[in-house]
4 protein chains.
Amino acid sequence: MYCIDLNSDLGESFGTYVLGRDEEVLSSITSANVACGFHAGDPQVMQRTVAAAKTKGVAVGAHPGHPDLQGFGRRTLGCTPQEAYAFCLYQIGALQAFCAPQGMELQHVKPHGALYNQGAVSPELAESMIRAVRDASAAQKTPLIFMGLAGSAYEKIAADLSVPFAAEAFADRAYTEEGTLVSRREPGAVLHDPEIISQRILEMITRGTVETITGKRISLKPSSICVHGDTPEAVEIAGTLRKNLEAQGIALKPLKEVLGL
Amino acid sequence: MYCIDLNSDLGESFGTYVLGRDEEVLSSITSANVACGFHAGDPQVMQRTVAAAKTKGVAVGAHPGHPDLQGFGRRTLGCTPQEAYAFCLYQIGALQAFCAPQGMELQHVKPHGALYNQGAVSPELAESMIRAVRDASAAQKTPLIFMGLAGSAYEKIAADLSVPFAAEAFADRAYTEEGTLVSRREPGAVLHDPEIISQRILEMITRGTVETITGKRISLKPSSICVHGDTPEAVEIAGTLRKNLEAQGIALKPLKEVLGL
Amino acid sequence: MYCIDLNSDLGESFGTYVLGRDEEVLSSITSANVACGFHAGDPQVMQRTVAAAKTKGVAVGAHPGHPDLQGFGRRTLGCTPQEAYAFCLYQIGALQAFCAPQGMELQHVKPHGALYNQGAVSPELAESMIRAVRDASAAQKTPLIFMGLAGSAYEKIAADLSVPFAAEAFADRAYTEEGTLVSRREPGAVLHDPEIISQRILEMITRGTVETITGKRISLKPSSICVHGDTPEAVEIAGTLRKNLEAQGIALKPLKEVLGL
Amino acid sequence: MYCIDLNSDLGESFGTYVLGRDEEVLSSITSANVACGFHAGDPQVMQRTVAAAKTKGVAVGAHPGHPDLQGFGRRTLGCTPQEAYAFCLYQIGALQAFCAPQGMELQHVKPHGALYNQGAVSPELAESMIRAVRDASAAQKTPLIFMGLAGSAYEKIAADLSVPFAAEAFADRAYTEEGTLVSRREPGAVLHDPEIISQRILEMITRGTVETITGKRISLKPSSICVHGDTPEAVEIAGTLRKNLEAQGIALKPLKEVLGL
């Protein structure tokens with residue numbers, strides 16, 4: 001029987017500022033990537049988000065980002081690998097502190113935005129982040145999983161450092177023949193039809209392939225699918241995807257169960 | 001045989017900005033209160049400070065403060081108990097993350113500056129901080145100790161919440177008859193002579209008393225003495241105090257040993 | 001003929017975070033209090049807000065606040081008068097820079113949130129802020145107006161420093177017999193009915209009185225009425241108030257015209 | 001008769017953190033580049049720095065940087081030209097506000113660190129910054145001068161936008177044959193001998209040439225020489241350079257006089 005994890009970025013509100021429809025999307029996903037106060041989120045938002053995830057039975061992961069609230073962590077920041085290591089470890093630890101009193105452990109870490117993208121093309125940065133994940137596991141019973149783009153350089157580095165890796169695919173994005181995401185600036189880069197999206201994800205799960213923007217079929221075998229929760233449309237896509245996958249007999253499970261950890 | 005802990009605030013540098021003579025003062029103290037990135041410190045400074053403390057055999061505690069780098073955490077901030085709880089838990093967790101990979105656990109938590117002072121006069125704030133300390137202990141084998149002003153309201157609240165409490169006295173400060181610190185604005189509030197300071201601390205340890213600024217003797221029985229490391233004079237005071245205490249047969253030990261935990 | 005200014009807090013978005021219905025409320029008001037990047041707002045938001053105000057013919061004022069984005073400037077911050085002076089001058093200057101290229105000058109300054117409230121009870125803080133307003137006028141052809149609570153201590157200090165003062169009343173708030181606002185925690189503190197609000201404001205303008213929460217009538221003669229733009233209800237109140245005032249022959253004009261400057 | 005401006009970065013302290021020997025270096029320079037609170041500096045530091053410069057008769061310029069205090073503005077930040085425009089205008093305005101009450105006007109703007117370097121290789125970024133300088137001049141009697149690396153792309157863009165440009169050379173740095181600075185990572189990139197530095201600067205001023213690291217002579221005709229004030233050695237270099245230039249009959253004047261504005 002096939003199984004898959006659905007993940008989404010949560011806890012991105014800050015102080016008075018509200019962002020995202022966390023309560024709604026929590027009903028569709030199995031793993032939450034929780035912002036840790038650098039690019040979004042604040043201590044109270046983190047506390048509430050962990051509690052809400054627990055209530056819905058959703059596994060919690062850290063979503064560390066650059067210290068750039070104004071740019072929402074989407075701006076490239078020329079940090080050193082040593083800085084990236086310390087940024088990640090700091091943010092993971094802060095989130096662990098909100099999990100422990102709830103009897104929970106962090107399940108995974110997925111870098112956010114520019115940090116995610118910079119690490120995908122810089123082995124030094126990638127290694128520093130994955131080392132932070134490995135080192136943060138020292139405070140846990142279960143080792144943390146590193147979540148990154150399926151087919152990216154992260155995978156081998158995680159293997160080298162003996163850190164469990166979860167390949168992620170994006171529900172609403174078109175792929176190039178190289179397996180990378182088509183830039184949002186290109187026509188057709190973002191998909192909107194929940195049924196088409198469901199069909200594509202189903203193919204990834206059951207056959208391990210996806211059709212690229214050029215019409216070719218490439219290998220893509222994700223452990224987790226990223227969905228969004230920032231707009232009503234996104235929440236609807238997530239809900240439809242979950243419903244359709246379940247109708248096809250795909251089991252939706254938190255990442256650690258998908259990976260058998 | 002008498003024993004005492006010497007503590008000092010460390011890791012207060014930030015980015016390019018260097019503050020304090022951490023390496024020097026580490027040779028005199030037994031417990032370090034490490035800034036956690038809100039009022040001072042940053043992730044790399046925290047990493048380095050934990051590593052330096054380990055090298056010198058100094059126990060590490062968290063020194064959470066208000067999110068006010070510009071004011072160095074010394075300005076009163078009208079935060080709610082819920083905010084104070086979340087601020088403290090976040091910062092403690094962040095520092096725990098740098099300890100675990102070194103095989104270390106946090107020993108204690110001492111709030112910084114305005115947070116320390118606001119909690120001393122607000123039972124709601126004090127309780128929220130001590131609950132954060134209790135909850136952060138969930139991630140540790142050894143429970144965290146809360147360090148606060150000897151004789152303050154913190155002590156009873158800690159007892160009510162079953163959190164170990166360490167009474168702290170200040171090496172270089174004069175005391176009122178009520179056992180509070182004489183305001184820095186008053187003449188005679190700050191002591192400078194290392195020998196006089198040593199005599200006073202010795203009296204606290206061996207007799208459990210101190211002479212107030214008015215010449216009266218009051219009870220004061222600390223588990224830890226706070227020394228400073230931000231000026232050459234402060235470092236000298238710390239060194240002389242340690243030397244004199246050892247010469248009198250007082251054992252200098254980290255807080256957890258002083259408390260027998 | 002009677003005239004009045006309607007003011008509202010604008011430009012409170014930050015980076016990705018959107019707050020307030022600025023475009024809508026701009027159609028109802030005559031003066032905008034623009035956040036300056038400390039408690040809300042960022043440089044691009046300020047640029048857009050000044051441009052939008054210009055398009056709608058709305059006068060622009062600075063809305064300086066505490067350096068506390070997380071608390072939205074609503075938390076008391078124990079800053080010195082010297083700090084408050086420098087905070088205000090800095091923020092006013094930053095906003096002036098976005099006005100000058102548009103051929104505009106700042107009309108007024110109204111402190112935000114906790115800064116507004118702290119200044120109302122601390123003559124030293126109030127004086128430091130009003131001095132900042134006076135000193136920022138050095139870069140303008142027209143002197144800046146200081147806007148504060150009608151009947152508050154700000155008024156006399158502004159007069160002593162020869163800074164034009166604009167007394168502000170709140171459209172949706174109940175008043176005590178002392179002329180201060182009833183705390184939001186009290187029942188009846190906030191008014192919701194646009195027609196009742198319109199009647200009260202009309203009375204303030206034409207008779208210079210208002211009915212307090214206890215049913216007594218006190219003097220209250222504002223130059224400006226504060227309306228909100230953060231909810232659909234608030235925007236509706238502002239629109240109805242404007243329509244009703246105009247129907248009664250009250251001229252709606254920017255503050256500097258109301259004060260005859 | 002030859003004349004030259006000596007500039008240095010000042011006002012880089014922040015809150016409790018002290019950086020630089022501003023008082024000392026002010027005795028040697030003719031123009032100060034004052035940090036504006038994004039990468040360094042805070043409102044009170046700006047106020048003090050402007051006052052100190054006035055006392056010493058040193059002209060004041062803005063030194064805007066990335067919003068990255070932790071990285072001291074030295075980390076590349078992937079901001080858009082629109083963001084860079086707004087960052088610069090905001091910071092320039094904030095500093096203008098501290099000059100006007102002193103009867104001073106800003107003389108120039110020199111971007112800091114990564115912003116300076118990114119603009120030198122991105123015409124879009126450079127143009128956005130120079131437009132900010134032009135637009136900020138709307139609030140002044142005298143137009144602001146843009147200061148940038150001699151021979152860089154900034155010069156032509158400034159000419160196209162009719163913004164006065166000041167070519168800057170670095171006292172303590174070696175040059176490539178292309179007229180760019182030798183990377184600090186290369187041997188010989190940084191010069192330390194005040195006498196050699198003086199000879200090189202004298203050649204730039206009187207002959208308009210400099211010897212490159214490869215021993216070739218290239219054209220370099222600066223209006224201003226950048227010196228540092230962050231170490232005792234740097235302060236000594238600045239003092240020696242000034243003394244030697246004056247002994248050779250070179251007049252030291254603020255930038256606007258060197259450019260004849």
# chains A, B, ... in the order shown; residues from 1 in each chain; ligands from 1
call {"tool": "closest_atom_pairs", "arguments": {"of": "chain B", "to": "chain D", "cutoff": "7 Å", "atoms": "only C-alpha atoms", "output": "tab-separated table"}}
result
residue	atom	partner	partner_atom	distance
B:Phe14	CA	D:Gln70	CA	6.7
B:Gly15	CA	D:Gln70	CA	4.7
B:Thr16	CA	D:Phe72	CA	6.5
B:Tyr17	CA	D:Tyr17	CA	6.1
B:Leu19	CA	D:Tyr17	CA	7.0
B:Gln70	CA	D:Gly15	CA	4.7
B:Gly71	CA	D:Gly15	CA	6.0
B:Phe72	CA	D:Thr16	CA	6.5
call {"tool": "write_last_selection", "arguments": {"atoms": "N, CA, C and O atoms", "output": "short mmCIF file (atom, residue, chain, number, x, y, z; two decimals), in the first residue's frame"}}
result
data_model
loop_
_atom_site.label_atom_id
_atom_site.label_comp_id
_atom_site.auth_asym_id
_atom_site.auth_seq_id
_atom_site.Cartn_x
_atom_site.Cartn_y
_atom_site.Cartn_z
N PHE B 14 27.86 40.70 20.04
CA PHE B 14 26.83 40.57 18.99
C PHE B 14 27.45 40.94 17.66
O PHE B 14 27.87 42.08 17.47
N GLY B 15 27.46 39.99 16.73
CA GLY B 15 28.03 40.27 15.42
C GLY B 15 29.43 40.84 15.54
O GLY B 15 30.30 40.23 16.18
N THR B 16 29.65 42.00 14.97
CA THR B 16 30.95 42.65 15.01
C THR B 16 31.27 43.23 16.38
O THR B 16 32.42 43.50 16.70
N TYR B 17 30.23 43.44 17.17
CA TYR B 17 30.41 44.13 18.45
C TYR B 17 30.91 43.19 19.54
O TYR B 17 30.27 42.17 19.81
N LEU B 19 31.87 42.58 23.50
CA LEU B 19 31.59 43.09 24.85
C LEU B 19 32.06 42.05 25.87
O LEU B 19 31.77 40.87 25.72
N GLN B 70 18.85 47.08 21.41
CA GLN B 70 19.27 48.48 21.50
C GLN B 70 19.39 48.92 22.96
O GLN B 70 20.28 49.68 23.31
N GLY B 71 18.48 48.45 23.79
CA GLY B 71 18.49 48.83 25.20
C GLY B 71 19.22 47.82 26.08
O GLY B 71 19.21 47.93 27.29
N PHE B 72 19.84 46.81 25.46
CA PHE B 72 20.59 45.77 26.17
C PHE B 72 19.73 45.09 27.23
O PHE B 72 20.23 44.62 28.26
#
call {"tool": "residues_around", "arguments": {"residues": "Pro232 in chain B", "least_positions_apart": "5", "cutoff": "10 Å", "atoms": "only C-alpha atoms", "output": "PyMOL selection string"}}
result
chain B and resi 20-21+24-25+237-238
call {"tool": "write_last_selection", "arguments": {"atoms": "C-alpha atoms", "output": "mmCIF file, in the first residue's frame"}}
result
data_model
loop_
_atom_site.group_PDB
_atom_site.id
_atom_site.type_symbol
_atom_site.label_atom_id
_atom_site.label_comp_id
_atom_site.auth_asym_id
_atom_site.auth_seq_id
_atom_site.Cartn_x
_atom_site.Cartn_y
_atom_site.Cartn_z
ATOM 1 C CA GLY B 20 33.143 41.620 27.959
ATOM 2 C CA ARG B 21 36.349 39.796 28.773
ATOM 3 C CA GLU B 24 39.506 36.059 31.438
ATOM 4 C CA VAL B 25 36.496 35.888 33.714
ATOM 5 C CA ILE B 237 37.696 41.701 41.572
ATOM 6 C CA ALA B 238 36.531 38.269 40.410
#
call {"tool": "select_by_dssp", "arguments": {"residues": "range 59-113 of chain D", "states": "alpha helix (DSSP H)", "output": "NGL selection string"}}
result
:D and (81-99 or 113)
call {"tool": "atom_distance", "arguments": {"atom1": "CA of Gln102 in chain C", "atom2": "CA of Ala139 in chain C"}}
result
15.3 Å
call {"tool": "select_by_dssp", "arguments": {"residues": "range 92-147 of chain A", "states": "strand (DSSP E or B)", "output": "ChimeraX atom specification"}}
result
/A:108-109,145-147
call {"tool": "write_last_selection", "arguments": {"atoms": "all heavy atoms", "output": "PDB file, in the first residue's frame"}}
result
ATOM      1  N   HIS A 108      11.172  16.774  11.997  1.00  0.00           N
ATOM      2  CA  HIS A 108      12.019  17.075  10.837  1.00  0.00           C
ATOM      3  C   HIS A 108      12.435  18.533  10.822  1.00  0.00           C
ATOM      4  O   HIS A 108      11.951  19.345  11.622  1.00  0.00           O
ATOM      5  CB  HIS A 108      11.260  16.750   9.546  1.00  0.00           C
ATOM      6  CG  HIS A 108      10.105  17.661   9.286  1.00  0.00           C
ATOM      7  ND1 HIS A 108       8.909  17.567   9.992  1.00  0.00           N
ATOM      8  CD2 HIS A 108       9.954  18.715   8.438  1.00  0.00           C
ATOM      9  CE1 HIS A 108       8.073  18.498   9.563  1.00  0.00           C
ATOM     10  NE2 HIS A 108       8.676  19.215   8.632  1.00  0.00           N
ATOM     11  N   VAL A 109      13.331  18.847   9.900  1.00  0.00           N
ATOM     12  CA  VAL A 109      13.753  20.232   9.660  1.00  0.00           C
ATOM     13  C   VAL A 109      13.734  20.473   8.166  1.00  0.00           C
ATOM     14  O   VAL A 109      14.267  19.679   7.388  1.00  0.00           O
ATOM     15  CB  VAL A 109      15.177  20.489  10.212  1.00  0.00           C
ATOM     16  CG1 VAL A 109      15.614  21.919   9.895  1.00  0.00           C
ATOM     17  CG2 VAL A 109      15.240  20.225  11.714  1.00  0.00           C
ATOM     18  N   ILE A 145      14.736  14.324  10.843  1.00  0.00           N
ATOM     19  CA  ILE A 145      14.782  14.095   9.394  1.00  0.00           C
ATOM     20  C   ILE A 145      15.057  15.427   8.703  1.00  0.00           C
ATOM     21  O   ILE A 145      14.463  16.451   9.075  1.00  0.00           O
ATOM     22  CB  ILE A 145      13.423  13.549   8.895  1.00  0.00           C
ATOM     23  CG1 ILE A 145      13.079  12.237   9.603  1.00  0.00           C
ATOM     24  CG2 ILE A 145      13.417  13.390   7.378  1.00  0.00           C
ATOM     25  CD1 ILE A 145      11.596  11.874   9.517  1.00  0.00           C
ATOM     26  N   PHE A 146      15.930  15.449   7.718  1.00  0.00           N
ATOM     27  CA  PHE A 146      16.134  16.648   6.914  1.00  0.00           C
ATOM     28  C   PHE A 146      15.261  16.562   5.672  1.00  0.00           C
ATOM     29  O   PHE A 146      15.339  15.592   4.916  1.00  0.00           O
ATOM     30  CB  PHE A 146      17.601  16.794   6.501  1.00  0.00           C
ATOM     31  CG  PHE A 146      17.873  18.079   5.762  1.00  0.00           C
ATOM     32  CD1 PHE A 146      18.224  19.231   6.456  1.00  0.00           C
ATOM     33  CD2 PHE A 146      17.746  18.145   4.377  1.00  0.00           C
ATOM     34  CE1 PHE A 146      18.452  20.420   5.782  1.00  0.00           C
ATOM     35  CE2 PHE A 146      17.964  19.335   3.700  1.00  0.00           C
ATOM     36  CZ  PHE A 146      18.317  20.466   4.397  1.00  0.00           C
ATOM     37  N   MET A 147      14.439  17.583   5.451  1.00  0.00           N
ATOM     38  CA  MET A 147      13.574  17.581   4.273  1.00  0.00           C
ATOM     39  C   MET A 147      14.100  18.566   3.232  1.00  0.00           C
ATOM     40  O   MET A 147      14.382  19.728   3.557  1.00  0.00           O
ATOM     41  CB  MET A 147      12.149  17.993   4.661  1.00  0.00           C
ATOM     42  CG  MET A 147      11.141  17.778   3.540  1.00  0.00           C
ATOM     43  SD  MET A 147       9.538  18.563   3.899  1.00  0.00           S
ATOM     44  CE  MET A 147       8.898  17.467   5.155  1.00  0.00           C
TER      45      MET A 147
END
call {"tool": "atom_distance", "arguments": {"atom1": "CA of Asn117 in chain D", "atom2": "CA of Val58 in chain D"}}
result
25.6 Å
call {"tool": "atom_distance", "arguments": {"atom1": "CA of Glu155 in chain C", "atom2": "CA of Ala94 in chain C"}}
result
25.4 Å
call {"tool": "residues_around", "arguments": {"residues": "range 193-200 of chain A", "least_positions_apart": "5", "cutoff": "10 Å", "atoms": "only C-alpha atoms", "output": "VMD selection string"}}
result
chain A and resid 170 to 174 205 209 to 211 233 to 234 236 to 245
call {"tool": "residues_around", "arguments": {"residues": "Ala53 in chain C", "least_positions_apart": "6", "cutoff": "12 Å", "atoms": "only C-alpha atoms", "output": "PyMOL selection string"}}
result
chain C and resi 7-11+22-34+46-47+59-61+98-99+102+104+106+254
call {"tool": "residues_around", "arguments": {"residues": "Gly113 in chain D", "least_positions_apart": "5", "cutoff": "8 Å", "atoms": "only C-alpha atoms", "output": "PyMOL selection string"}}
result
chain D and resi 65+73-75
call {"tool": "closest_residue", "arguments": {"among": "D:Ala62, D:Met1, D:Cys226, D:Ala97", "to": "Val133 in chain C", "atoms": "only C-alpha atoms"}}
result
D:Ala97
call {"tool": "decode", "arguments": {"residues": "range 124-208 of chain D", "atoms": "C-alpha atoms", "output": "PDB file, in the first residue's frame"}}
result
ATOM      1  CA  GLU D 124      20.088  48.724 -11.543  1.00  0.00           C
ATOM      2  CA  LEU D 125      21.081  48.830  -7.881  1.00  0.00           C
ATOM      3  CA  ALA D 126      23.511  51.683  -8.493  1.00  0.00           C
ATOM      4  CA  GLU D 127      20.858  53.691 -10.288  1.00  0.00           C
ATOM      5  CA  SER D 128      18.312  53.121  -7.539  1.00  0.00           C
ATOM      6  CA  MET D 129      20.742  54.364  -4.903  1.00  0.00           C
ATOM      7  CA  ILE D 130      21.787  57.405  -6.912  1.00  0.00           C
ATOM      8  CA  ARG D 131      18.136  58.262  -7.552  1.00  0.00           C
ATOM      9  CA  ALA D 132      17.580  58.108  -3.784  1.00  0.00           C
ATOM     10  CA  VAL D 133      20.450  60.579  -3.364  1.00  0.00           C
ATOM     11  CA  ARG D 134      18.984  62.860  -6.021  1.00  0.00           C
ATOM     12  CA  ASP D 135      15.515  62.683  -4.454  1.00  0.00           C
ATOM     13  CA  ALA D 136      16.862  63.316  -0.955  1.00  0.00           C
ATOM     14  CA  SER D 137      18.450  66.495  -2.309  1.00  0.00           C
ATOM     15  CA  ALA D 138      14.918  67.892  -2.699  1.00  0.00           C
ATOM     16  CA  ALA D 139      14.972  68.633   1.039  1.00  0.00           C
ATOM     17  CA  GLN D 140      18.309  70.500   0.872  1.00  0.00           C
ATOM     18  CA  LYS D 141      19.661  73.814  -0.402  1.00  0.00           C
ATOM     19  CA  THR D 142      22.847  72.121  -1.634  1.00  0.00           C
ATOM     20  CA  PRO D 143      22.597  68.948  -3.729  1.00  0.00           C
ATOM     21  CA  LEU D 144      23.935  65.786  -2.124  1.00  0.00           C
ATOM     22  CA  ILE D 145      27.132  64.297  -3.533  1.00  0.00           C
ATOM     23  CA  PHE D 146      27.297  60.553  -4.228  1.00  0.00           C
ATOM     24  CA  MET D 147      30.596  59.032  -3.168  1.00  0.00           C
ATOM     25  CA  GLY D 148      31.759  55.834  -4.833  1.00  0.00           C
ATOM     26  CA  LEU D 149      34.809  53.897  -5.918  1.00  0.00           C
ATOM     27  CA  ALA D 150      36.982  55.875  -8.355  1.00  0.00           C
ATOM     28  CA  GLY D 151      36.636  54.456 -11.852  1.00  0.00           C
ATOM     29  CA  SER D 152      33.525  52.388 -11.029  1.00  0.00           C
ATOM     30  CA  ALA D 153      30.227  52.239 -12.922  1.00  0.00           C
ATOM     31  CA  TYR D 154      28.705  54.561 -10.328  1.00  0.00           C
ATOM     32  CA  GLU D 155      30.393  57.542 -11.986  1.00  0.00           C
ATOM     33  CA  LYS D 156      28.574  57.399 -15.326  1.00  0.00           C
ATOM     34  CA  ILE D 157      25.196  56.666 -13.732  1.00  0.00           C
ATOM     35  CA  ALA D 158      25.615  59.656 -11.425  1.00  0.00           C
ATOM     36  CA  ALA D 159      26.429  61.825 -14.453  1.00  0.00           C
ATOM     37  CA  ASP D 160      23.335  60.549 -16.290  1.00  0.00           C
ATOM     38  CA  LEU D 161      21.166  61.470 -13.294  1.00  0.00           C
ATOM     39  CA  SER D 162      22.958  64.829 -12.826  1.00  0.00           C
ATOM     40  CA  VAL D 163      24.098  63.856  -9.333  1.00  0.00           C
ATOM     41  CA  PRO D 164      27.548  65.181  -8.319  1.00  0.00           C
ATOM     42  CA  PHE D 165      29.991  62.299  -8.008  1.00  0.00           C
ATOM     43  CA  ALA D 166      33.046  62.053  -5.782  1.00  0.00           C
ATOM     44  CA  ALA D 167      35.658  59.446  -6.692  1.00  0.00           C
ATOM     45  CA  GLU D 168      37.056  57.779  -3.622  1.00  0.00           C
ATOM     46  CA  ALA D 169      40.380  55.979  -3.180  1.00  0.00           C
ATOM     47  CA  PHE D 170      41.433  53.830  -0.254  1.00  0.00           C
ATOM     48  CA  ALA D 171      44.515  54.823   1.713  1.00  0.00           C
ATOM     49  CA  ASP D 172      45.471  51.387   2.921  1.00  0.00           C
ATOM     50  CA  ARG D 173      44.561  49.179  -0.020  1.00  0.00           C
ATOM     51  CA  ALA D 174      46.465  47.817  -3.016  1.00  0.00           C
ATOM     52  CA  TYR D 175      44.998  48.214  -6.517  1.00  0.00           C
ATOM     53  CA  THR D 176      44.740  45.862  -9.490  1.00  0.00           C
ATOM     54  CA  GLU D 177      45.634  46.922 -13.026  1.00  0.00           C
ATOM     55  CA  GLU D 178      41.905  47.374 -13.633  1.00  0.00           C
ATOM     56  CA  GLY D 179      41.714  49.958 -10.855  1.00  0.00           C
ATOM     57  CA  THR D 180      39.746  47.726  -8.488  1.00  0.00           C
ATOM     58  CA  LEU D 181      40.812  46.859  -4.955  1.00  0.00           C
ATOM     59  CA  VAL D 182      42.921  43.730  -4.467  1.00  0.00           C
ATOM     60  CA  SER D 183      40.866  41.280  -2.409  1.00  0.00           C
ATOM     61  CA  ARG D 184      41.745  41.297   1.275  1.00  0.00           C
ATOM     62  CA  ARG D 185      42.439  37.597   0.984  1.00  0.00           C
ATOM     63  CA  GLU D 186      45.438  38.225  -1.300  1.00  0.00           C
ATOM     64  CA  PRO D 187      48.897  38.893   0.174  1.00  0.00           C
ATOM     65  CA  GLY D 188      49.813  42.574   0.026  1.00  0.00           C
ATOM     66  CA  ALA D 189      46.195  43.700  -0.251  1.00  0.00           C
ATOM     67  CA  VAL D 190      46.365  45.859   2.862  1.00  0.00           C
ATOM     68  CA  LEU D 191      49.069  48.441   3.478  1.00  0.00           C
ATOM     69  CA  HIS D 192      50.262  49.275   6.985  1.00  0.00           C
ATOM     70  CA  ASP D 193      53.179  51.738   6.696  1.00  0.00           C
ATOM     71  CA  PRO D 194      51.899  55.309   7.137  1.00  0.00           C
ATOM     72  CA  GLU D 195      54.826  56.760   5.179  1.00  0.00           C
ATOM     73  CA  ILE D 196      54.314  54.489   2.161  1.00  0.00           C
ATOM     74  CA  ILE D 197      50.582  55.183   2.309  1.00  0.00           C
ATOM     75  CA  SER D 198      51.303  58.919   2.375  1.00  0.00           C
ATOM     76  CA  GLN D 199      53.588  58.649  -0.666  1.00  0.00           C
ATOM     77  CA  ARG D 200      50.933  56.750  -2.634  1.00  0.00           C
ATOM     78  CA  ILE D 201      48.188  59.226  -1.793  1.00  0.00           C
ATOM     79  CA  LEU D 202      50.464  62.132  -2.656  1.00  0.00           C
ATOM     80  CA  GLU D 203      51.060  60.581  -6.080  1.00  0.00           C
ATOM     81  CA  MET D 204      47.327  60.123  -6.641  1.00  0.00           C
ATOM     82  CA  ILE D 205      46.684  63.782  -5.798  1.00  0.00           C
ATOM     83  CA  THR D 206      49.567  65.411  -7.632  1.00  0.00           C
ATOM     84  CA  ARG D 207      50.031  63.104 -10.604  1.00  0.00           C
ATOM     85  CA  GLY D 208      46.718  61.254 -10.797  1.00  0.00           C
TER      86      GLY D 208
END
